[in-house]
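Colleague: Data: target_15.json, JSON, C-alpha atoms.
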```json
[["chain", "number", "residue", "atom", "x", "y", "z"],
["W", 47, "MET", "CA", -7.36, -17.29, -55.31],
["W", 48, "PHE", "CA", -4.98, -20.07, -54.22],
["W", 49, "LYS", "CA", -2.13, -17.55, -53.86],
["W", 50, "LYS", "CA", -4.32, -15.30, -51.74],
["W", 51, "ILE", "CA", -5.19, -18.21, -49.46],
["W", 52, "ILE", "CA", -1.51, -19.11, -49.06],
["W", 53, "ALA", "CA", -0.62, -15.50, -48.36],
["W", 54, "ALA", "CA", -3.36, -15.28, -45.74],
["W", 55, "LEU", "CA", -2.17, -18.50, -44.09],
["W", 56, "LEU", "CA", 1.40, -17.24, -44.01],
["W", 57, "MET", "CA", 0.26, -14.00, -42.39],
["W", 58, "CYS", "CA", -1.65, -15.95, -39.74],
["W", 59, "ILE", "CA", 1.38, -18.14, -39.04],
["W", 60, "ALA", "CA", 3.58, -15.07, -38.77],
["W", 61, "SER", "CA", 1.22, -13.33, -36.40],
["W", 62, "VAL", "CA", 1.06, -16.42, -34.19],
["W", 63, "SER", "CA", 4.84, -16.86, -34.27],
["W", 64, "PHE", "CA", 5.47, -13.27, -33.19],
["W", 65, "ALA", "CA", 2.52, -12.88, -30.81],
["W", 66, "LYS", "CA", 3.51, -11.35, -27.51],
["W", 67, "GLU", "CA", 2.66, -13.07, -24.24],
["W", 68, "THR", "CA", 0.49, -10.78, -22.12],
["W", 69, "ILE", "CA", 1.50, -10.41, -18.47],
["W", 70, "THR", "CA", -0.86, -8.39, -16.26],
["W", 71, "ILE", "CA", 0.61, -6.47, -13.34],
["W", 72, "ILE", "CA", -2.01, -6.32, -10.59],
["W", 73, "TRP", "CA", -2.01, -3.22, -8.34],
["W", 74, "PRO", "CA", -4.23, -3.45, -5.22],
["W", 75, "PHE", "CA", -4.35, 0.17, -4.07],
["W", 76, "ASN", "CA", -5.34, 3.61, -5.41],
["W", 77, "ILE", "CA", -5.03, 3.39, -9.21],
["W", 78, "GLY", "CA", -4.52, 7.16, -9.36],
["W", 79, "SER", "CA", -1.60, 7.19, -6.91],
["W", 80, "ASN", "CA", 1.95, 8.03, -7.85],
["W", 81, "GLN", "CA", 2.90, 4.41, -7.12],
["W", 82, "ALA", "CA", 0.47, 3.30, -9.84],
["W", 83, "ASN", "CA", 1.91, 5.95, -12.16],
["W", 84, "THR", "CA", 5.37, 4.49, -11.52],
["W", 85, "LEU", "CA", 4.09, 1.13, -12.72],
["W", 86, "ARG", "CA", 2.68, 2.78, -15.83],
["W", 87, "ALA", "CA", 6.09, 4.27, -16.56],
["W", 88, "ILE", "CA", 7.78, 0.89, -16.06],
["W", 89, "ILE", "CA", 5.23, -0.82, -18.34],
["W", 90, "THR", "CA", 5.68, 1.78, -21.08],
["W", 91, "GLU", "CA", 9.45, 1.40, -21.01],
["W", 92, "ALA", "CA", 9.32, -2.41, -20.84],
["W", 93, "ASN", "CA", 6.90, -2.76, -23.75],
["W", 94, "ALA", "CA", 9.07, -0.49, -25.90],
["W", 95, "ALA", "CA", 12.23, -2.41, -25.04],
["W", 96, "GLN", "CA", 11.28, -5.88, -26.35],
["W", 97, "SER", "CA", 8.77, -7.92, -28.34],
["W", 98, "ASP", "CA", 8.29, -11.04, -26.19],
["W", 99, "TYR", "CA", 5.88, -9.68, -23.58],
["W", 100, "GLU", "CA", 3.04, -7.18, -23.50],
["W", 101, "LEU", "CA", 2.76, -5.83, -19.96],
["W", 102, "VAL", "CA", -0.54, -4.29, -18.86],
["W", 103, "LEU", "CA", -1.76, -2.78, -15.59],
["W", 104, "ASP", "CA", -4.93, -3.83, -13.77],
["W", 105, "ASN", "CA", -6.44, -2.78, -10.46],
["W", 106, "LYS", "CA", -7.87, -5.30, -7.96],
["W", 107, "PRO", "CA", -8.54, -3.35, -4.75],
["W", 108, "GLY", "CA", -9.89, -4.78, -1.53],
["W", 109, "ALA", "CA", -8.87, -6.03, 1.93],
["W", 110, "GLY", "CA", -5.53, -4.25, 1.95],
["W", 111, "GLY", "CA", -4.11, -6.23, -0.97],
["W", 112, "VAL", "CA", -5.62, -9.60, -0.15],
["W", 113, "VAL", "CA", -8.00, -9.57, -3.14],
["W", 114, "ALA", "CA", -5.16, -8.79, -5.55],
["W", 115, "ALA", "CA", -2.81, -11.37, -4.05],
["W", 116, "ASN", "CA", -5.37, -14.13, -4.22],
["W", 117, "TYR", "CA", -6.19, -13.17, -7.81],
["W", 118, "VAL", "CA", -2.54, -13.69, -8.77],
["W", 119, "ILE", "CA", -2.47, -17.03, -6.96],
["W", 120, "ALA", "CA", -5.54, -18.07, -8.97],
["W", 121, "HIS", "CA", -3.97, -16.88, -12.26],
["W", 122, "PRO", "CA", -0.32, -17.87, -11.83],
["W", 123, "HIS", "CA", 0.78, -18.05, -15.45],
["W", 124, "ASN", "CA", -0.08, -14.58, -16.70],
["W", 125, "THR", "CA", -0.33, -12.24, -13.70],
["W", 126, "VAL", "CA", 2.09, -10.76, -11.16],
["W", 127, "LEU", "CA", 1.47, -8.67, -8.06],
["W", 128, "ALA", "CA", 2.94, -5.20, -7.50],
["W", 129, "MET", "CA", 2.78, -4.11, -3.88],
["W", 130, "SER", "CA", 4.34, -2.08, -1.09],
["W", 131, "SER", "CA", 5.65, -3.49, 2.19],
["W", 132, "SER", "CA", 2.01, -4.25, 3.01],
["W", 133, "PHE", "CA", 2.60, -7.42, 0.97],
["W", 134, "PHE", "CA", 4.64, -8.76, 3.91],
["W", 135, "ILE", "CA", 2.66, -7.07, 6.70],
["W", 136, "ARG", "CA", -0.94, -7.91, 5.85],
["W", 137, "PRO", "CA", -0.71, -11.74, 6.19],
["W", 138, "ASN", "CA", 0.28, -11.30, 9.85],
["W", 139, "PHE", "CA", -3.03, -9.63, 10.69],
["W", 140, "ALA", "CA", -5.86, -10.59, 8.36],
["W", 141, "THR", "CA", -7.91, -13.76, 7.91],
["W", 142, "PRO", "CA", -8.66, -15.22, 5.45],
["W", 143, "VAL", "CA", -5.48, -14.17, 3.75],
["W", 144, "TYR", "CA", -2.70, -15.30, 1.45],
["W", 145, "SER", "CA", 0.62, -16.81, 2.45],
["W", 146, "VAL", "CA", 3.84, -15.02, 1.50],
["W", 147, "ASP", "CA", 5.22, -18.51, 0.88],
["W", 148, "SER", "CA", 2.88, -18.77, -2.13],
["W", 149, "PHE", "CA", 4.96, -16.09, -3.89],
["W", 150, "THR", "CA", 8.45, -15.54, -5.19],
["W", 151, "PRO", "CA", 10.08, -12.20, -5.99],
["W", 152, "VAL", "CA", 10.17, -11.17, -9.63],
["W", 153, "PHE", "CA", 11.79, -7.82, -9.11],
["W", 154, "VAL", "CA", 12.61, -5.45, -6.24],
["W", 155, "GLN", "CA", 11.67, -2.01, -7.57],
["W", 156, "ALA", "CA", 12.76, 0.52, -4.98],
["W", 157, "THR", "CA", 13.28, 0.97, -1.24],
["W", 158, "GLY", "CA", 13.10, 3.52, 1.53],
["W", 159, "SER", "CA", 9.86, 5.49, 1.10],
["W", 160, "PRO", "CA", 9.37, 7.43, 4.37],
["W", 161, "ILE", "CA", 6.15, 7.83, 6.31],
["W", 162, "ALA", "CA", 5.34, 11.06, 8.14],
["W", 163, "VAL", "CA", 3.68, 11.53, 11.52],
["W", 164, "LEU", "CA", 1.17, 14.37, 11.07],
["W", 165, "SER", "CA", -0.82, 16.62, 13.36],
["W", 166, "LYS", "CA", -2.83, 19.84, 13.38],
["W", 167, "ARG", "CA", -3.03, 20.04, 17.15],
["W", 168, "TYR", "CA", 0.70, 19.68, 17.80],
["W", 169, "SER", "CA", 3.67, 21.27, 16.06],
["W", 170, "GLU", "CA", 6.46, 19.08, 17.48],
["W", 171, "TYR", "CA", 6.67, 15.39, 18.31],
["W", 172, "LYS", "CA", 8.00, 16.08, 21.81],
["W", 173, "ASP", "CA", 4.78, 17.93, 22.64],
["W", 174, "VAL", "CA", 2.55, 14.90, 21.96],
["W", 175, "PRO", "CA", 1.24, 13.39, 25.20],
["W", 176, "LEU", "CA", 2.01, 9.67, 25.07],
["W", 177, "THR", "CA", -1.19, 8.46, 26.70],
["W", 178, "ASN", "CA", -4.24, 6.43, 25.74],
["W", 179, "GLU", "CA", -6.11, 9.69, 25.27],
["W", 180, "THR", "CA", -3.96, 10.55, 22.23],
["W", 181, "THR", "CA", -5.47, 9.14, 19.04],
["W", 182, "VAL", "CA", -3.57, 8.17, 15.88],
["W", 183, "GLY", "CA", -5.41, 7.55, 12.61],
["W", 184, "THR", "CA", -4.04, 4.81, 10.34],
["W", 185, "ALA", "CA", -4.96, 3.16, 7.05],
["W", 186, "GLY", "CA", -6.18, 0.13, 8.98],
["W", 187, "VAL", "CA", -4.86, -3.01, 10.62],
["W", 188, "GLY", "CA", -2.11, -4.74, 8.71],
["W", 189, "THR", "CA", -0.72, -1.64, 6.98],
["W", 190, "ILE", "CA", 2.65, 0.04, 7.35],
["W", 191, "SER", "CA", 0.91, 3.18, 8.61],
["W", 192, "ASP", "CA", -0.54, 1.10, 11.45],
["W", 193, "LEU", "CA", 2.90, -0.25, 12.37],
["W", 194, "VAL", "CA", 4.35, 3.27, 12.36],
["W", 195, "ALA", "CA", 1.51, 4.38, 14.66],
["W", 196, "ALA", "CA", 2.19, 1.40, 16.92],
["W", 197, "ASN", "CA", 5.69, 2.78, 17.51],
["W", 198, "ILE", "CA", 4.21, 5.91, 19.12],
["W", 199, "PRO", "CA", 4.07, 4.62, 22.71],
["W", 200, "ASN", "CA", 0.85, 4.26, 24.68],
["W", 201, "THR", "CA", -1.34, 6.03, 22.12],
["W", 202, "ARG", "CA", -4.62, 4.70, 20.75],
["W", 203, "ARG", "CA", -4.74, 3.71, 17.06],
["W", 204, "ILE", "CA", -7.90, 4.42, 15.04],
["W", 205, "PRO", "CA", -8.34, 2.49, 11.75],
["W", 206, "TYR", "CA", -9.57, 4.39, 8.67],
["W", 207, "PRO", "CA", -10.36, 3.22, 5.12],
["W", 208, "SER", "CA", -7.32, 5.14, 3.86],
["W", 209, "MET", "CA", -4.52, 7.45, 4.94],
["W", 210, "ILE", "CA", -6.32, 10.34, 3.24],
["W", 211, "ALA", "CA", -9.40, 9.79, 5.39],
["W", 212, "ALA", "CA", -7.28, 9.85, 8.55],
["W", 213, "ASP", "CA", -5.50, 13.04, 7.41],
["W", 214, "LYS", "CA", -8.85, 14.79, 6.95],
["W", 215, "ASP", "CA", -9.86, 14.03, 10.53],
["W", 216, "VAL", "CA", -6.47, 15.29, 11.75],
["W", 217, "MET", "CA", -6.99, 18.57, 9.90],
["W", 218, "GLY", "CA", -10.44, 18.83, 11.50],
["W", 219, "GLN", "CA", -8.83, 18.00, 14.87],
["W", 220, "HIS", "CA", -11.18, 15.07, 15.40],
["W", 221, "ILE", "CA", -8.07, 12.97, 16.12],
["W", 222, "ASP", "CA", -4.59, 14.00, 17.24],
["W", 223, "LEU", "CA", -2.23, 12.34, 14.75],
["W", 224, "SER", "CA", -2.11, 10.42, 11.48],
["W", 225, "THR", "CA", 0.56, 8.67, 9.45],
["W", 226, "ASP", "CA", 0.98, 9.05, 5.69],
["W", 227, "PHE", "CA", 3.55, 8.70, 2.93],
["W", 228, "VAL", "CA", 5.74, 11.78, 2.54],
["W", 229, "GLY", "CA", 5.29, 11.58, -1.22],
["W", 230, "ASP", "CA", 1.50, 11.87, -0.89],
["W", 231, "ILE", "CA", 1.26, 14.91, 1.39],
["W", 232, "GLY", "CA", 3.05, 17.57, -0.66],
["W", 233, "GLY", "CA", -0.15, 19.55, -1.16],
["W", 234, "LEU", "CA", -0.97, 19.50, 2.55],
["W", 235, "ILE", "CA", 2.50, 20.72, 3.44],
["W", 236, "GLU", "CA", 2.54, 23.48, 0.83],
["W", 237, "SER", "CA", -0.85, 24.76, 1.98],
["W", 238, "ASN", "CA", 0.20, 24.64, 5.66],
["W", 239, "SER", "CA", -2.84, 22.46, 6.32],
["W", 240, "ILE", "CA", -0.95, 20.10, 8.60],
["W", 241, "ASN", "CA", 2.24, 19.80, 10.65],
["W", 242, "VAL", "CA", 4.88, 17.14, 9.99],
["W", 243, "LEU", "CA", 6.17, 16.05, 13.41],
["W", 244, "GLY", "CA", 8.82, 13.76, 11.93],
["W", 245, "ILE", "CA", 9.41, 11.02, 9.39],
["W", 246, "THR", "CA", 10.58, 7.43, 9.30],
["W", 247, "GLY", "CA", 13.87, 6.44, 7.72],
["W", 248, "THR", "CA", 17.36, 7.78, 8.26],
["W", 249, "ARG", "CA", 17.54, 10.98, 6.22],
["W", 250, "ALA", "CA", 15.96, 14.39, 6.54],
["W", 251, "ILE", "CA", 13.84, 15.72, 3.69],
["W", 252, "GLY", "CA", 13.80, 19.50, 3.76],
["W", 253, "ASN", "CA", 12.63, 20.51, 7.23],
["W", 254, "MET", "CA", 11.26, 17.02, 7.95],
["W", 255, "LYS", "CA", 13.53, 15.22, 10.41],
["W", 256, "PRO", "CA", 13.84, 11.46, 11.09],
["W", 257, "LEU", "CA", 12.24, 10.16, 14.28],
["W", 258, "LYS", "CA", 14.44, 8.10, 16.59],
["W", 259, "GLY", "CA", 13.35, 4.48, 16.67],
["W", 260, "PHE", "CA", 11.51, 4.68, 13.34],
["W", 261, "GLU", "CA", 14.54, 4.18, 11.07],
["W", 262, "LYS", "CA", 13.49, 0.88, 9.44],
["W", 263, "LEU", "CA", 9.78, 1.60, 9.14],
["W", 264, "VAL", "CA", 9.94, 2.63, 5.50],
["W", 265, "ALA", "CA", 7.98, 1.27, 2.55],
["W", 266, "ASN", "CA", 9.65, -0.84, -0.11],
["W", 267, "TYR", "CA", 8.11, -1.81, -3.45],
["W", 268, "GLY", "CA", 8.38, -5.03, -5.39],
["W", 269, "ILE", "CA", 6.73, -7.25, -7.98],
["W", 270, "TYR", "CA", 5.90, -10.83, -7.02],
["W", 271, "ALA", "CA", 4.79, -13.96, -8.88],
["W", 272, "SER", "CA", 3.00, -17.05, -7.75],
["W", 273, "THR", "CA", 5.40, -19.93, -7.13],
["W", 274, "GLU", "CA", 3.39, -21.69, -9.87],
["W", 275, "MET", "CA", 4.65, -19.28, -12.55],
["W", 276, "PRO", "CA", 7.32, -20.99, -14.68],
["W", 277, "ASP", "CA", 10.88, -20.13, -13.60],
["W", 278, "SER", "CA", 11.74, -19.16, -17.16],
["W", 279, "THR", "CA", 9.02, -16.49, -17.15],
["W", 280, "VAL", "CA", 10.08, -15.17, -13.74],
["W", 281, "GLN", "CA", 13.69, -14.92, -14.91],
["W", 282, "ALA", "CA", 12.75, -13.22, -18.17],
["W", 283, "LEU", "CA", 10.60, -10.64, -16.37],
["W", 284, "HIS", "CA", 13.35, -10.03, -13.83],
["W", 285, "VAL", "CA", 15.85, -9.25, -16.58],
["W", 286, "LEU", "CA", 13.37, -7.08, -18.49],
["W", 287, "LEU", "CA", 12.36, -5.00, -15.46],
["W", 288, "GLY", "CA", 16.00, -4.57, -14.48],
["W", 289, "LYS", "CA", 16.72, -3.00, -17.85],
["W", 290, "VAL", "CA", 14.06, -0.29, -17.47],
["W", 291, "ASN", "CA", 14.11, 0.42, -13.74],
["W", 292, "ASN", "CA", 16.57, 3.29, -14.18],
["W", 293, "ALA", "CA", 14.83, 4.89, -17.17],
["W", 294, "PRO", "CA", 14.53, 8.66, -16.55],
["W", 295, "ARG", "CA", 10.72, 8.72, -16.37],
["W", 296, "VAL", "CA", 10.75, 5.78, -13.91],
["W", 297, "VAL", "CA", 13.39, 7.37, -11.67],
["W", 298, "GLU", "CA", 11.52, 10.68, -11.78],
["W", 299, "SER", "CA", 8.42, 8.90, -10.50],
["W", 300, "TYR", "CA", 10.40, 7.15, -7.74],
["W", 301, "ASN", "CA", 11.80, 10.52, -6.67],
["W", 302, "ARG", "CA", 8.29, 11.81, -5.98],
["W", 303, "ASP", "CA", 7.95, 9.08, -3.33],
["W", 304, "HIS", "CA", 11.53, 9.58, -2.08],
["W", 305, "LEU", "CA", 12.39, 6.04, -3.14],
["W", 306, "THR", "CA", 15.80, 4.68, -4.11],
["W", 307, "PRO", "CA", 15.70, 2.42, -7.20],
["W", 308, "ALA", "CA", 16.97, -1.07, -6.42],
["W", 309, "ALA", "CA", 19.54, -2.98, -8.45],
["W", 310, "MET", "CA", 19.38, -6.55, -7.15],
["W", 311, "ASN", "CA", 20.10, -9.74, -9.04],
["W", 312, "MET", "CA", 17.83, -12.72, -8.54],
["W", 313, "ARG", "CA", 19.87, -14.17, -5.68],
["W", 314, "GLN", "CA", 19.89, -10.84, -3.87],
["W", 315, "SER", "CA", 16.16, -10.46, -4.50],
["W", 316, "LEU", "CA", 15.49, -13.83, -2.88],
["W", 317, "GLU", "CA", 17.59, -12.88, 0.17],
["W", 318, "TRP", "CA", 15.80, -9.54, 0.41],
["W", 319, "PHE", "CA", 12.46, -11.36, 0.20],
["W", 320, "LYS", "CA", 13.43, -13.60, 3.13],
["W", 321, "ASP", "CA", 14.71, -10.67, 5.20],
["W", 322, "GLN", "CA", 11.55, -8.62, 4.61],
["W", 323, "THR", "CA", 9.33, -11.57, 5.50],
["W", 324, "LYS", "CA", 11.16, -12.02, 8.80],
["W", 325, "TYR", "CA", 11.43, -8.32, 9.68],
["W", 326, "TRP", "CA", 7.77, -7.45, 9.19],
["W", 327, "ARG", "CA", 6.63, -10.63, 10.94],
["W", 328, "ILE", "CA", 8.63, -9.59, 14.02],
["W", 329, "GLN", "CA", 7.11, -6.10, 13.89],
["W", 330, "ALA", "CA", 3.62, -7.55, 13.61],
["W", 331, "GLU", "CA", 4.20, -9.98, 16.50],
["W", 332, "ARG", "CA", 5.26, -7.09, 18.71],
["W", 333, "VAL", "CA", 2.08, -5.17, 17.85],
["W", 334, "ASN", "CA", -0.15, -8.21, 18.29],
["W", 335, "LYS", "CA", 1.05, -8.92, 21.84]]
```
Before anything else, please render the file you have as structure tokens.

Modeller:
Amino acid sequence: MFKKIIAALLMCIASVSFAKETITIIWPFNIGSNQANTLRAIITEANAAQSDYELVLDNKPGAGGVVAANYVIAHPHNTVLAMSSSFFIRPNFATPVYSVDSFTPVFVQATGSPIAVLSKRYSEYKDVPLTNETTVGTAGVGTISDLVAANIPNTRRIPYPSMIAADKDVMGQHIDLSTDFVGDIGGLIESNSINVLGITGTRAIGNMKPLKGFEKLVANYGIYASTEMPDSTVQALHVLLGKVNNAPRVVESYNRDHLTPAAMNMRQSLEWFKDQTKYWRIQAERVNK
């Protein structure tokens, strides 16, 4: 009996010694989106690559990312936030909201996801009347789709609960235009349900051509921690995610969103974080005038 007790104690000690620390990646948007699937691929690769951390995915939707961001702030030691460029945009529009200064970058995932300007009524961008009578559906105030729409001069922006909802009203010709991620409209394009008038970014994708003046209005993706998370944990996660970011299944998922995987060290990530904060604040200030 004594030997069995000792053996049981040793097993308990061993399990405690080798227990993984659980880190939850919080995603604030559609949990069925390709962006969420990319996170699943990253998590699978990261968990298989080491034994120190167990990464898991959780969904905290609401208020364009505000609910998720504030959840991470409230749970700084075991959660991180995965988000698009809306992470930088939303705080310039919404109240109450989080401060970007409450976060630090863990890892820059990928950059350059283009957004398309869509219409059923018009087949070319040059044919769109740039007047207040022309309506553009967006995913709501404080989103990148709203900022893209704001770059279409003199038109009237209409907020929707999602890009999909706006696209449906475009197809029904209840509104003139909408803006949506190129990676999310493949089915609409293949079925000829909608016309792509142009895309943001600098490179053409098939027959979709870049729009002049929209070059920098692309979505970038990153993972962020509260500034209260220990530096050692942030560094360890940065290294781990860097090791798996170019895994085939991860890159394949990025390709669906026309993203370019990033390869930034921590110093470069911090500089990128500062640049993104400044750039999207300037864009928001221009819209808010």

Colleague: Go ahead and compute the interatomic distance for CA of Pro205 (chain W) and CA of Asp226 (chain W), in Å to one decimal.

Modeller: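 So the answer is 12.9 Å.
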
Colleague: Please determine, counting all atoms listed in the file, which residue among W:Thr125, W:Thr323, W:Gln155, W:Asn241 has the shortest atom-to-atom distance to Ile88 (chain W).

Modeller: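 Among W:Thr125, W:Thr323, W:Gln155, W:Asn241, it is W:Gln155 that comes nearest to Ile88 (chain W).
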
Colleague: Which of these, W:His123, W:Lys166, W:Tyr171, W:Lys255, has the shortest distance to His220 (chain W) once you count only C-alpha atoms?

Modeller: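 Going through W:His123, W:Lys166, W:Tyr171, W:Lys255 one by one, the smallest distance to His220 (chain W) is for W:Lys166.
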
Colleague: Restricting the calculation to all atoms listed in the file: of W:Ala293, W:Ala109, W:Leu257, W:Leu287, which residue gets closest to Pro207 (chain W)?

Modeller: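 Using all atoms listed in the file, Pro207 (chain W) sits closest to W:Ala109.
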
Colleague: Mind pulling up the distance from CA of Ile204 (chain W) to CA of Pro175 (chain W)?

Modeller: 16.3 Å

Colleague: List the spatial neighbours of Asp104 (chain W) as a list in words - criterion: any atom at most 12 Å away, all atoms listed in the file, same-chain residues fewer than 2 positions off excluded.

Modeller: Ile69, Thr70, Ile71, Ile72, Trp73, Pro74, Phe75, Asn76, Ile77, Gly78, Ala82, Leu85, Arg86, Ile89, Leu101, Val102, Lys106, Pro107, Ala114, Tyr117, Val118, Thr125, Val126, Leu127 and Ala128 of chain W

Colleague: Please provide as a PyMOL selection string all residues within 8 Å of Ser130 (chain W), with the sequence filter that same-chain residues fewer than 5 positions apart are discarded (counting all atoms listed in the file).

Modeller: chain W and resi 265-268

Colleague: Determine the nearest neighbour of Lys172 (chain W) from the options W:Ile328, W:Ile198, W:Val146, W:Ile190, counting all atoms listed in the file.

Modeller: W:Ile198

Colleague: Interatomic distance between CA of Val280 (chain W) and CA of Ala94 (chain W)?

Modeller: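 CA of Ala94 (chain W) lies 19.1 Å from CA of Val280 (chain W).
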
Colleague: Counting only C-alpha atoms, figure out which residue out of W:Pro256, W:Gly229, W:Pro276, W:Gly288 gets nearest to Asn80 (chain W).

Modeller: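 The shortest atom-to-atom distance to Asn80 (chain W) comes from W:Gly229.
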
Colleague: Using only C-alpha atoms, pick whichever of W:Asn200, W:Thr84, W:Thr189, W:Asn311 has the shortest atom-to-atom distance to Ile161 (chain W).

Modeller: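 Between W:Asn200, W:Thr84, W:Thr189, W:Asn311, the residue approaching Ile161 (chain W) most closely is W:Thr189.
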
Colleague: Excluding Ala250 (chain W) and any residue of its chain fewer than 6 positions from it, enumerate the residues within 12 Å of it, using only C-alpha atoms, and give them as a compact mmCIF listing (two decimals) with C-alpha atoms, in the coordinates of the input.

Modeller:
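After the write, result_29.txt holds the following:
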```txt
# COMPACT_ATOMS: atom_id res chain seq x y z
CA PRO W 160 9.37 7.43 4.37
CA ILE W 161 6.15 7.83 6.31
CA ALA W 162 5.34 11.06 8.14
CA VAL W 228 5.74 11.78 2.54
CA VAL W 242 4.88 17.14 9.99
CA GLY W 244 8.82 13.76 11.93
CA PRO W 256 13.84 11.46 11.09
CA LEU W 257 12.24 10.16 14.28
CA LYS W 258 14.44 8.10 16.59
CA GLU W 261 14.54 4.18 11.07
CA HIS W 304 11.53 9.58 -2.08
```

Colleague: Could the centre and edge lengths of an axis-aligned box, enclosing all atoms of region 95-114 of chain W in the file with 5 Å extra on each side, be given in Å to one decimal as AutoDock Vina command-line options?

Modeller:
```
--center_x 1.2 --center_y -6.7 --center_z -13.2 --size_x 32.1 --size_y 18.6 --size_z 40.3
```

Colleague: Which residues come within 12 Å of Ser315 (chain W), counting all atoms listed in the file, excluding same-chain residues fewer than 6 positions away, as a PDB file with C-alpha atoms, keeping the file's coordinate frame?

Modeller:
```
ATOM      1  CA  THR W 150       8.450 -15.540  -5.190  1.00  0.00           C
ATOM      2  CA  PRO W 151      10.080 -12.200  -5.990  1.00  0.00           C
ATOM      3  CA  VAL W 152      10.170 -11.170  -9.630  1.00  0.00           C
ATOM      4  CA  PHE W 153      11.790  -7.820  -9.110  1.00  0.00           C
ATOM      5  CA  VAL W 154      12.610  -5.450  -6.240  1.00  0.00           C
ATOM      6  CA  GLN W 155      11.670  -2.010  -7.570  1.00  0.00           C
ATOM      7  CA  ALA W 156      12.760   0.520  -4.980  1.00  0.00           C
ATOM      8  CA  TYR W 267       8.110  -1.810  -3.450  1.00  0.00           C
ATOM      9  CA  GLY W 268       8.380  -5.030  -5.390  1.00  0.00           C
ATOM     10  CA  ILE W 269       6.730  -7.250  -7.980  1.00  0.00           C
ATOM     11  CA  TYR W 270       5.900 -10.830  -7.020  1.00  0.00           C
ATOM     12  CA  GLN W 281      13.690 -14.920 -14.910  1.00  0.00           C
ATOM     13  CA  HIS W 284      13.350 -10.030 -13.830  1.00  0.00           C
ATOM     14  CA  GLY W 288      16.000  -4.570 -14.480  1.00  0.00           C
ATOM     15  CA  ALA W 308      16.970  -1.070  -6.420  1.00  0.00           C
ATOM     16  CA  ALA W 309      19.540  -2.980  -8.450  1.00  0.00           C
ATOM     17  CA  ASP W 321      14.710 -10.670   5.200  1.00  0.00           C
ATOM     18  CA  GLN W 322      11.550  -8.620   4.610  1.00  0.00           C
TER      19      GLN W 322
END
```

Colleague: Using all atoms listed in the file, list the residues that have an atom at most 12 Å from (4.0, 21.8, 4.5), coordinates as in the file, as a list in words.

Modeller: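 Here is the list of nearby residues: Ala162, Leu164, Ser165, Lys166, Ser169, Val228, Gly229, Asp230, Ile231, Gly232, Gly233, Leu234, Ile235, Glu236, Ser237, Asn238, Ser239, Ile240, Asn241, Val242, Leu243, Gly244, Ile251, Gly252, Asn253 and Met254 of chain W.
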
Colleague: Would you pick out the contacts of Phe260 (chain W) at 7 Å or less, using only C-alpha atoms, so that residues sharing its chain but fewer than 3 positions from it are not included, and give the list as a short mmCIF file (atom, residue, chain, number, x, y, z; two decimals) with C-alpha atoms, in the frame of the given file?

Modeller:
```
data_model
loop_
_atom_site.label_atom_id
_atom_site.label_comp_id
_atom_site.auth_asym_id
_atom_site.auth_seq_id
_atom_site.Cartn_x
_atom_site.Cartn_y
_atom_site.Cartn_z
CA THR W 246 10.58 7.43 9.30
CA GLY W 247 13.87 6.44 7.72
CA LEU W 257 12.24 10.16 14.28
CA LEU W 263 9.78 1.60 9.14
#
```

Colleague: May I have the protein, DNA and RNA residues with any atom at most 10 Å from the point (-10.4, -13.9, 4.8), counting all atoms listed in the file, written as a list in words?

Modeller: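 Taken together, the residues in range are Ala109, Val112, Val113, Ala140, Thr141, Pro142, Val143 and Tyr144 of chain W.
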
Colleague: Since the input lacks atoms, please generate N, CA and C atoms for region 205-214 of chain W and provide them as a CSV table (one decimal), in the frame of the given file.

Modeller:
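Now in out-v7.csv:
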```
chain,number,residue,atom,x,y,z
W,205,PRO,N,-8.4,2.9,13.2
W,205,PRO,CA,-8.3,2.5,11.8
W,205,PRO,C,-9.3,3.3,10.9
W,206,TYR,N,-8.8,3.7,9.7
W,206,TYR,CA,-9.6,4.4,8.7
W,206,TYR,C,-9.5,3.6,7.4
W,207,PRO,N,-10.4,3.9,6.4
W,207,PRO,CA,-10.4,3.2,5.1
W,207,PRO,C,-9.1,3.6,4.3
W,208,SER,N,-8.5,4.7,4.6
W,208,SER,CA,-7.3,5.1,3.9
W,208,SER,C,-6.5,6.2,4.7
W,209,MET,N,-5.3,6.4,4.3
W,209,MET,CA,-4.5,7.4,4.9
W,209,MET,C,-5.1,8.8,4.7
W,210,ILE,N,-5.7,9.1,3.5
W,210,ILE,CA,-6.3,10.3,3.2
W,210,ILE,C,-7.5,10.6,4.2
W,211,ALA,N,-8.3,9.6,4.5
W,211,ALA,CA,-9.4,9.8,5.4
W,211,ALA,C,-8.9,10.2,6.8
W,212,ALA,N,-7.8,9.5,7.2
W,212,ALA,CA,-7.3,9.8,8.6
W,212,ALA,C,-6.7,11.3,8.6
W,213,ASP,N,-6.1,11.7,7.5
W,213,ASP,CA,-5.5,13.0,7.4
W,213,ASP,C,-6.6,14.1,7.5
W,214,LYS,N,-7.7,13.8,6.9
W,214,LYS,CA,-8.8,14.8,7.0
W,214,LYS,C,-9.3,15.0,8.4
```
